[in-house]
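Peer 1: My structure is in query16.txt, and what it holds is compact mmCIF, C-alpha atoms and all ligand atoms:
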```txt
# COMPACT_ATOMS: atom_id res chain seq x y z
CA MET A 13 6.16 25.49 22.54
CA GLN A 14 6.31 21.71 22.79
CA VAL A 15 2.94 20.14 21.94
CA SER A 16 2.24 16.91 23.77
CA ARG A 17 0.87 14.30 21.40
CA GLN A 18 -2.00 12.46 22.91
CA LYS A 19 -3.83 10.51 20.26
CA ILE A 20 -3.28 7.53 18.03
CA VAL A 21 -6.12 7.19 15.56
CA VAL A 22 -7.01 3.79 14.10
CA LEU A 23 -8.82 3.99 10.76
CA GLY A 24 -10.75 0.87 9.77
CA THR A 25 -11.07 -0.12 6.12
CA GLY A 26 -12.10 -3.79 6.42
CA GLY A 27 -10.11 -6.85 5.30
CA THR A 28 -9.63 -10.27 6.85
CA ILE A 29 -8.61 -8.65 10.11
CA ALA A 30 -12.29 -7.68 10.33
CA GLY A 31 -13.54 -10.91 8.75
CA THR A 32 -15.70 -13.67 10.21
CA SER A 33 -16.54 -17.21 9.18
CA ALA A 34 -19.36 -19.52 10.23
CA GLN A 35 -16.84 -22.20 11.28
CA PRO A 36 -14.02 -21.07 13.61
CA GLY A 37 -11.59 -23.49 11.92
CA ASP A 38 -12.30 -22.13 8.43
CA ASN A 39 -9.43 -19.89 7.38
CA ILE A 40 -10.43 -19.46 3.74
CA GLY A 41 -14.24 -19.57 3.52
CA TYR A 42 -14.83 -16.43 5.55
CA THR A 43 -16.28 -13.05 4.68
CA ALA A 44 -13.89 -10.12 5.01
CA ALA A 45 -14.89 -6.76 6.49
CA GLN A 46 -17.62 -7.72 8.96
CA VAL A 47 -16.40 -6.42 12.33
CA GLY A 48 -16.22 -2.69 13.07
CA VAL A 49 -12.86 -1.18 13.94
CA GLU A 50 -14.02 -0.12 17.39
CA GLN A 51 -14.94 -3.72 18.17
CA LEU A 52 -11.55 -4.90 16.87
CA LEU A 53 -9.77 -2.54 19.23
CA GLY A 54 -11.97 -3.66 22.13
CA ALA A 55 -10.86 -7.26 21.61
CA VAL A 56 -7.13 -6.57 22.10
CA PRO A 57 -5.93 -6.58 25.70
CA GLY A 58 -2.93 -4.35 26.37
CA LEU A 59 -3.61 -1.92 23.56
CA GLU A 60 -3.64 1.08 25.91
CA GLN A 61 -0.18 0.16 27.21
CA ALA A 62 1.09 -0.35 23.66
CA ALA A 63 -0.10 3.19 22.89
CA GLY A 64 2.27 4.44 25.59
CA GLY A 65 -0.22 6.77 27.22
CA ALA A 66 -1.74 8.13 24.02
CA ARG A 67 -5.51 7.91 23.71
CA LEU A 68 -6.73 5.45 21.11
CA LEU A 69 -9.52 6.60 18.83
CA ALA A 70 -11.24 4.56 16.12
CA GLU A 71 -12.91 5.68 12.90
CA GLN A 72 -14.46 3.53 10.18
CA VAL A 73 -13.38 4.97 6.83
CA ALA A 74 -14.58 1.97 4.79
CA GLN A 75 -15.61 -1.64 5.30
CA ILE A 76 -14.44 -3.59 2.27
CA ASP A 77 -12.53 -6.64 1.11
CA SER A 78 -9.38 -4.96 -0.16
CA LYS A 79 -9.60 -6.71 -3.54
CA ASP A 80 -12.33 -4.12 -4.10
CA MET A 81 -10.16 -1.15 -3.14
CA ASP A 82 -10.94 1.80 -5.36
CA MET A 83 -10.22 5.45 -5.93
CA PRO A 84 -13.08 6.86 -3.79
CA VAL A 85 -11.86 4.89 -0.75
CA TRP A 86 -8.27 5.96 -1.40
CA GLN A 87 -9.46 9.54 -1.72
CA ALA A 88 -11.35 9.38 1.60
CA LEU A 89 -8.46 7.63 3.34
CA ALA A 90 -5.79 10.02 2.05
CA LEU A 91 -7.78 13.11 2.98
CA ARG A 92 -8.58 11.78 6.46
CA CYS A 93 -4.92 10.84 7.04
CA ALA A 94 -3.76 14.25 5.81
CA GLY A 95 -6.12 15.97 8.26
CA LEU A 96 -5.03 13.78 11.17
CA LEU A 97 -1.32 14.23 10.44
CA GLN A 98 -1.81 17.99 10.69
CA ASP A 99 -3.49 17.69 14.10
CA PRO A 100 -0.80 18.50 16.69
CA GLU A 101 -2.42 16.10 19.15
CA VAL A 102 -2.12 13.13 16.83
CA GLN A 103 0.99 11.03 17.33
CA GLY A 104 0.37 8.59 14.51
CA VAL A 105 -2.25 6.88 12.38
CA VAL A 106 -2.90 3.14 12.19
CA ILE A 107 -4.95 1.70 9.33
CA THR A 108 -6.54 -1.74 9.44
CA HIS A 109 -6.60 -3.07 5.88
CA GLY A 110 -6.99 -6.24 3.84
CA THR A 111 -3.74 -7.93 2.90
CA ASP A 112 -4.52 -8.25 -0.82
CA THR A 113 -3.91 -4.64 -1.83
CA LEU A 114 -2.19 -3.36 1.31
CA GLU A 115 1.03 -2.68 -0.60
CA GLU A 116 -0.83 -0.51 -3.09
CA THR A 117 -2.54 1.59 -0.43
CA ALA A 118 0.77 1.92 1.41
CA TRP A 119 2.53 3.19 -1.72
CA PHE A 120 -0.33 5.49 -2.64
CA LEU A 121 -0.32 7.05 0.85
CA HIS A 122 3.48 7.35 0.72
CA LEU A 123 3.15 9.39 -2.46
CA VAL A 124 0.47 11.77 -1.24
CA LEU A 125 1.07 12.32 2.51
CA ASP A 126 3.64 14.27 4.45
CA THR A 127 4.74 11.72 7.03
CA ARG A 128 8.05 13.35 7.91
CA ALA A 129 7.02 13.84 11.54
CA LYS A 130 4.49 11.07 12.17
CA PRO A 131 3.95 7.52 10.97
CA VAL A 132 1.09 5.96 9.08
CA VAL A 133 1.08 2.26 9.98
CA LEU A 134 -0.95 -0.23 7.98
CA THR A 135 -1.82 -3.54 9.54
CA CYS A 136 -3.88 -6.55 8.57
CA ALA A 137 -4.41 -10.26 9.18
CA MET A 138 -4.32 -13.50 7.27
CA ARG A 139 -6.85 -15.20 9.57
CA PRO A 140 -10.33 -13.82 10.23
CA ALA A 141 -11.28 -12.36 13.60
CA SER A 142 -13.35 -15.51 14.28
CA ALA A 143 -10.46 -17.95 13.63
CA LEU A 144 -9.18 -20.36 16.27
CA THR A 145 -5.94 -18.38 16.31
CA PRO A 146 -6.52 -14.99 14.70
CA ASP A 147 -3.35 -13.03 13.91
CA GLY A 148 -5.13 -9.67 13.80
CA PRO A 149 -4.99 -8.84 17.53
CA GLN A 150 -1.20 -9.21 17.79
CA ASN A 151 -0.72 -7.30 14.52
CA LEU A 152 -2.91 -4.48 15.81
CA LEU A 153 -0.99 -4.40 19.08
CA ASP A 154 2.31 -4.25 17.18
CA ALA A 155 1.03 -1.57 14.80
CA VAL A 156 -0.02 0.63 17.72
CA ALA A 157 3.39 0.05 19.35
CA VAL A 158 5.04 1.25 16.12
CA ALA A 159 2.77 4.31 15.93
CA ALA A 160 3.70 5.13 19.55
CA THR A 161 7.46 4.74 18.98
CA PRO A 162 9.33 8.05 19.32
CA GLY A 163 10.83 9.08 15.98
CA ALA A 164 8.64 6.77 13.91
CA CYS A 165 7.73 8.25 10.54
CA GLY A 166 6.85 7.36 6.98
CA VAL A 167 4.29 4.87 5.72
CA VAL A 168 5.00 1.35 6.95
CA SER A 169 3.21 -1.95 7.29
CA VAL A 170 3.27 -4.17 10.35
CA ALA A 171 2.31 -7.85 10.29
CA ALA A 172 3.69 -11.07 11.76
CA GLY A 173 6.12 -9.02 13.83
CA GLU A 174 7.77 -7.44 10.78
CA VAL A 175 7.95 -3.77 9.84
CA HIS A 176 8.14 -3.08 6.11
CA GLY A 177 8.48 0.21 4.24
CA ALA A 178 5.87 1.25 1.67
CA ARG A 179 8.28 1.15 -1.27
CA HIS A 180 9.30 -2.48 -1.03
CA VAL A 181 6.51 -4.23 0.85
CA GLN A 182 4.73 -6.90 -1.14
CA LYS A 183 2.31 -9.69 -0.34
CA VAL A 184 4.30 -12.80 -1.21
CA HIS A 185 2.09 -15.63 0.01
CA PRO A 186 -1.66 -16.25 -0.31
CA TYR A 187 -2.09 -18.28 2.89
CA ARG A 188 0.65 -18.30 5.47
CA VAL A 189 0.50 -15.83 8.35
CA ASN A 190 3.82 -14.12 7.56
CA ALA A 191 2.60 -13.18 4.10
CA PHE A 192 4.70 -10.07 3.44
CA GLY A 193 8.23 -9.48 2.27
CA SER A 194 10.37 -6.64 0.96
CA GLY A 195 12.43 -8.64 -1.53
CA ASP A 196 16.10 -7.73 -1.72
CA ALA A 197 15.57 -4.79 0.65
CA GLY A 198 14.31 -6.91 3.55
CA PRO A 199 12.14 -5.64 6.40
CA LEU A 200 12.96 -2.36 8.12
CA GLY A 201 12.84 -4.18 11.43
CA TRP A 202 10.72 -6.15 13.88
CA VAL A 203 8.31 -5.57 16.75
CA GLU A 204 9.28 -7.69 19.73
CA GLU A 205 7.18 -7.60 22.91
CA GLY A 206 6.06 -4.06 22.11
CA HIS A 207 9.54 -2.79 21.23
CA VAL A 208 10.61 -1.84 17.74
CA ARG A 209 14.03 -3.06 16.61
CA LEU A 210 15.02 -1.46 13.33
CA THR A 211 17.91 -2.53 11.15
CA GLN A 212 17.19 0.19 8.57
CA ASN A 213 16.09 3.81 8.90
CA TRP A 214 12.45 4.79 8.93
CA PRO A 215 11.47 5.24 5.29
CA PRO A 216 11.96 8.56 3.50
CA ALA A 217 8.77 10.34 4.26
CA LEU A 218 7.98 12.98 1.67
CA ASP A 219 7.72 12.56 -2.02
CA GLU A 220 8.40 15.92 -3.68
CA LYS A 221 5.07 15.73 -5.45
CA ALA A 222 2.99 14.92 -2.35
CA PRO A 223 1.50 18.38 -1.76
CA ILE A 224 0.40 18.66 -5.40
CA ALA A 225 -0.97 15.16 -5.39
CA ILE A 226 -3.13 15.53 -2.28
CA GLU A 227 -4.65 18.74 -3.62
CA LYS A 228 -5.42 17.10 -6.95
CA ILE A 229 -6.89 14.08 -5.22
CA ALA A 230 -9.17 16.27 -3.14
CA ASN A 231 -10.53 17.90 -6.29
CA SER A 232 -10.65 15.01 -8.75
CA ALA A 233 -13.81 13.12 -9.56
CA ALA A 234 -12.09 10.88 -12.13
CA TRP A 235 -8.52 9.64 -12.01
CA PRO A 236 -6.37 8.90 -15.04
CA ARG A 237 -6.83 5.43 -16.46
CA VAL A 238 -3.68 3.35 -16.20
CA GLU A 239 -3.72 -0.39 -16.92
CA ILE A 240 -1.20 -3.17 -16.36
CA ILE A 241 -0.22 -5.50 -19.21
CA LEU A 242 1.67 -8.75 -18.66
CA ASN A 243 4.40 -9.96 -21.01
CA HIS A 244 4.43 -13.73 -21.44
CA ALA A 245 5.26 -16.40 -24.00
CA GLY A 246 3.03 -15.84 -27.00
CA ALA A 247 2.08 -12.27 -25.98
CA SER A 248 0.57 -10.01 -28.63
CA GLY A 249 -0.27 -6.35 -29.02
CA ALA A 250 -4.02 -6.91 -29.16
CA MET A 251 -4.79 -5.80 -25.61
CA VAL A 252 -2.67 -2.68 -25.96
CA ASP A 253 -4.37 -1.75 -29.23
CA ALA A 254 -7.80 -2.28 -27.65
CA LEU A 255 -6.91 -0.20 -24.59
CA VAL A 256 -5.57 2.64 -26.72
CA ARG A 257 -8.81 2.62 -28.74
CA ASP A 258 -10.66 2.72 -25.39
CA GLY A 259 -8.81 5.86 -24.29
CA VAL A 260 -6.24 4.49 -21.82
CA GLN A 261 -3.80 7.17 -20.64
CA GLY A 262 -1.04 5.03 -19.20
CA LEU A 263 0.25 1.47 -19.48
CA VAL A 264 2.56 -0.37 -17.12
CA VAL A 265 4.10 -3.51 -18.54
CA ALA A 266 4.97 -6.34 -16.18
CA CYS A 267 7.88 -7.41 -18.34
CA THR A 268 9.82 -10.62 -18.31
CA GLY A 269 13.30 -10.57 -16.79
CA ASN A 270 15.22 -7.33 -17.14
CA GLY A 271 12.37 -5.47 -18.82
CA THR A 272 12.06 -7.60 -21.93
CA VAL A 273 8.88 -7.61 -23.99
CA HIS A 274 7.66 -9.93 -26.77
CA HIS A 275 8.37 -8.19 -30.11
CA ALA A 276 4.68 -8.04 -31.04
CA LEU A 277 3.71 -6.48 -27.70
CA GLU A 278 6.68 -4.12 -27.88
CA ALA A 279 5.61 -2.85 -31.30
CA ALA A 280 2.11 -2.09 -29.97
CA LEU A 281 3.56 -0.36 -26.90
CA ILE A 282 5.82 1.86 -28.98
CA LYS A 283 2.87 2.72 -31.21
CA ALA A 284 0.85 3.59 -28.09
CA GLN A 285 3.69 5.75 -26.76
CA ASP A 286 3.90 7.52 -30.12
CA VAL A 287 0.25 8.59 -29.85
CA GLY A 288 0.75 10.00 -26.33
CA VAL A 289 0.04 7.07 -24.00
CA ARG A 290 2.59 6.96 -21.15
CA VAL A 291 4.26 3.55 -21.06
CA VAL A 292 6.43 2.25 -18.20
CA ARG A 293 8.30 -1.05 -17.96
CA SER A 294 8.47 -2.96 -14.69
CA THR A 295 9.47 -6.59 -14.17
CA ARG A 296 7.27 -9.53 -13.26
CA CYS A 297 10.24 -11.03 -11.35
CA PRO A 298 9.38 -10.96 -7.64
CA GLU A 299 12.80 -9.59 -6.70
CA GLY A 300 15.25 -7.12 -8.23
CA GLN A 301 14.39 -4.38 -10.69
CA VAL A 302 14.73 -3.46 -14.34
CA LEU A 303 18.22 -2.14 -15.07
CA PRO A 304 17.85 0.35 -17.92
CA LYS A 305 20.19 0.40 -20.91
CA PRO A 306 21.11 3.35 -23.13
CA GLY A 307 18.69 3.61 -26.01
CA ASP A 308 15.78 1.79 -24.35
CA ALA A 309 12.65 2.71 -26.28
CA LEU A 310 10.41 2.47 -23.21
CA PRO A 311 11.21 3.95 -19.78
CA ASP A 312 11.52 1.73 -16.71
CA SER A 313 9.71 1.96 -13.38
CA GLN A 314 12.82 2.80 -11.32
CA GLY A 315 12.49 -0.26 -9.19
CA LEU A 316 8.75 -0.14 -8.58
CA SER A 317 6.67 -3.29 -8.92
CA PRO A 318 3.96 -3.20 -11.61
CA VAL A 319 1.16 -2.29 -9.16
CA LYS A 320 3.19 0.48 -7.56
CA ALA A 321 4.43 1.78 -10.92
CA ARG A 322 0.77 2.02 -11.93
CA ILE A 323 -0.04 4.23 -8.91
CA THR A 324 2.99 6.46 -9.53
CA LEU A 325 2.04 6.87 -13.17
CA MET A 326 -1.58 7.59 -12.28
CA LEU A 327 -0.52 10.35 -9.87
CA ASP A 328 1.96 11.74 -12.42
CA LEU A 329 -0.81 11.99 -14.97
CA LEU A 330 -3.13 13.52 -12.38
CA ALA A 331 -0.54 16.19 -11.60
CA GLN A 332 -0.18 17.23 -15.24
C1 LIG A 401 -8.64 -8.51 1.87
O1 LIG A 401 -7.59 -8.21 1.30
O2 LIG A 401 -9.47 -7.66 2.24
C2 LIG A 401 -8.96 -9.94 2.11
C3 LIG A 401 -7.77 -10.77 2.29
C4 LIG A 401 -6.99 -10.42 3.51
O3 LIG A 401 -7.17 -9.42 4.18
O4 LIG A 401 -6.11 -11.28 3.84
```
Let me see the structure of the file written as structure tokens.

Peer 2:
Amino acid sequence: MQVSRQKIVVLGTGGTIAGTSAQPGDNIGYTAAQVGVEQLLGAVPGLEQAAGGARLLAEQVAQIDSKDMDMPVWQALALRCAGLLQDPEVQGVVITHGTDTLEETAWFLHLVLDTRAKPVVLTCAMRPASALTPDGPQNLLDAVAVAATPGACGVVSVAAGEVHGARHVQKVHPYRVNAFGSGDAGPLGWVEEGHVRLTQNWPPALDEKAPIAIEKIANSAAWPRVEIILNHAGASGAMVDALVRDGVQGLVVACTGNGTVHHALEAALIKAQDVGVRVVRSTRCPEGQVLPKPGDALPDSQGLSPVKARITLMLDLLAQ
């Protein structure tokens, strides 16, 4: 029996898209996460048409500046998304989110949700809702259009007319409105006047570990502690030694270049690995990835940026 999908659910989590400032022309001195998601939807003309006949429903899952994103919010968001994706009436889920950690939430949701049949679309804004020219309304309209697109699946982000996949999307600019990129991979496509034009496939939509991860997340009060260490000129092993003493379970190194690490930091990392701490090398270069060599003492992140490698490692440790 064919089930007609009738709902697109918009989950609000805060961010600049829901921000307000005292002065309409102030694009940096605003407070994020002030306007409720229902009110945001109400301020966008044409949203019903963009939804292509599906009913739009709004739920406030959180109301935070995404710099403060944390495990309890991720837990609530993942569980709510998982429930909605199983509802036969739901066509897709849209999440309004701050730009600062959007790529982390996108990757986290990619790892824990089954989005083979329906999309989860994150959207955001670089200008607050009270700005002279807010970008949130158009982004929301485009995100709903993506969620309503037949065949859409996977976890994607939509902003400034671009569609990016969870694996590669990264905030690349702290101010301009088109603040996201996907590095070498490029965007999956664009939203133009409500139509999605893809130049790549929808992203692969099920990590093999997703079912285990979502169950663990539902039942975990504390998540494994994984920290990110930066390699730089003059780096030492002091922070690694301190973190190991403090009980860290995983370390991601934002390495220089092709996964290189200052010899003093490397010695501390190998010592940490020897006592059971999981260590992963990523690169601090904004594009490209670490190319592993035979005999590398420390494993690489398989192309993930440091923040995404951290999430993958955290979920790996959680699954153990
Ligand atoms: C945030 O990430 O919540 C604030 C910044 C933004 O959304 O642009």

Peer 1: Could you list as a list in words every residue that has an atom within 9 Å of (4.2, -13.0, -23.5), using the file's coordinates and counting only C-alpha atoms?

Peer 2: Leu242, Asn243, His244, Ala245, Gly246, Ala247, Ser248, Cys267, Thr268, Val273, His274 and Leu277 of chain A

Peer 1: Can you write out as a tab-separated table which residues of stretch 126-225 of chain A fall within 8 Å of stretch 20-44 of chain A, alongside each residue's closest atom pair and its distance in Å to one decimal, counting all atoms listed in the file and ordering rows by chain and ascending residue number?

Peer 2:
```
residue	atom	partner	partner_atom	distance
A:Cys136	CA	A:Ile29	CA	5.4
A:Ala137	CA	A:Ile29	CA	4.6
A:Met138	CA	A:Thr28	CA	6.2
A:Arg139	CA	A:Asn39	CA	5.8
A:Pro140	CA	A:Gly31	CA	4.6
A:Ala141	CA	A:Gly31	CA	5.5
A:Ser142	CA	A:Thr32	CA	5.0
A:Ala143	CA	A:Pro36	CA	4.7
A:Leu144	CA	A:Pro36	CA	5.6
A:Asp147	CA	A:Ile29	CA	7.8
A:Gly148	CA	A:Ile29	CA	5.2
A:Val156	CA	A:Ile20	CA	7.6
A:Ala159	CA	A:Ile20	CA	7.2
A:Ala160	CA	A:Ile20	CA	7.5
```

Peer 1: Filtering to C-alpha atoms, could you give me those residues as an mmCIF file, in the frame of the given file?

Peer 2:
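And here's result_32.cif as it stands now:
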```cif
data_model
loop_
_atom_site.group_PDB
_atom_site.id
_atom_site.type_symbol
_atom_site.label_atom_id
_atom_site.label_comp_id
_atom_site.auth_asym_id
_atom_site.auth_seq_id
_atom_site.Cartn_x
_atom_site.Cartn_y
_atom_site.Cartn_z
ATOM 1 C CA CYS A 136 -3.880 -6.550 8.570
ATOM 2 C CA ALA A 137 -4.410 -10.260 9.180
ATOM 3 C CA MET A 138 -4.320 -13.500 7.270
ATOM 4 C CA ARG A 139 -6.850 -15.200 9.570
ATOM 5 C CA PRO A 140 -10.330 -13.820 10.230
ATOM 6 C CA ALA A 141 -11.280 -12.360 13.600
ATOM 7 C CA SER A 142 -13.350 -15.510 14.280
ATOM 8 C CA ALA A 143 -10.460 -17.950 13.630
ATOM 9 C CA LEU A 144 -9.180 -20.360 16.270
ATOM 10 C CA ASP A 147 -3.350 -13.030 13.910
ATOM 11 C CA GLY A 148 -5.130 -9.670 13.800
ATOM 12 C CA VAL A 156 -0.020 0.630 17.720
ATOM 13 C CA ALA A 159 2.770 4.310 15.930
ATOM 14 C CA ALA A 160 3.700 5.130 19.550
#
```

Peer 1: As an exercise, work out the distance from atom CA of A:Val124 to atom CA of A:Leu68 in Å and give it to one decimal place.

Peer 2: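 About the pair atom CA of A:Val124 and atom CA of A:Leu68: they are 24.3 Å apart.
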
Peer 1: Which residue out of A:Val184, A:Ala45, A:Leu91, A:Ala129 has the minimum interatomic distance to A:Lys228 when all atoms listed in the file are used?

Peer 2: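 Comparing A:Val184, A:Ala45, A:Leu91, A:Ala129 against A:Lys228, the winner is A:Leu91.
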
Peer 1: Just checking: using only C-alpha atoms, which residue out of A:Gly307, A:Gly193, A:Gly288, A:Pro216 ends up closest to A:Glu115?

Peer 2: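 Checking each candidate against A:Glu115, we get A:Gly193 as the closest.
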
Peer 1: Neighbours of stretch 327-329 of chain A within 10 Å (only C-alpha atoms; same-chain residues fewer than 5 positions away dropped), as a ChimeraX atom specification?

Peer 2: /A:120,123-124,221-222,224-226,228-229,235-238,261-262,290,321-322

Peer 1: From the options A:Thr127, A:Gln87, A:Ser78, A:Gln61, which residue's atoms come nearest to ligand LIG 401 (chain A), counting all atoms listed in the file?

Peer 2: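 Among the listed residues, the smallest separation from ligand LIG 401 (chain A) belongs to A:Ser78.
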
Peer 1: When you count all atoms listed in the file, which of these residues is closest to ligand LIG 401 (chain A): A:Ala55, A:Val168, A:Leu114, A:Val256?

Peer 2: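 The answer is A:Leu114, which sits nearest to ligand LIG 401 (chain A).
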
Peer 1: Could you check how far atom CA of A:Leu281 sits from atom CA of A:Gln314, in Å to one decimal?

Peer 2: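 Atom-to-atom, atom CA of A:Leu281 and atom CA of A:Gln314 are spaced 18.4 Å apart.
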
Peer 1: Here is a test: counting all atoms listed in the file, which residue of A:Asp258, A:Glu50, A:Asp126, A:Asp112 is nearest to ligand LIG 401 (chain A)?

Peer 2: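 Residue with the minimum atom-to-atom distance to ligand LIG 401 (chain A): A:Asp112.
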
Peer 1: Show me, as JSON, the centre and edge lengths in Å to one decimal of the axis-aligned box that covers every listed atom of stretch 137-145 of chain A with 3 Å on each side.

Peer 2:
```
{"center_x": -8.8, "center_y": -15.3, "center_z": 11.8, "size_x": 15.0, "size_y": 16.1, "size_z": 15.0}
```

Peer 1: Which is closest to A:Gly195 among A:Glu71, A:Asp77, A:Asp82, A:Glu299, if we use all atoms listed in the file?

Peer 2: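 Once distances to A:Gly195 are computed over all atoms listed in the file, the minimum belongs to A:Glu299.
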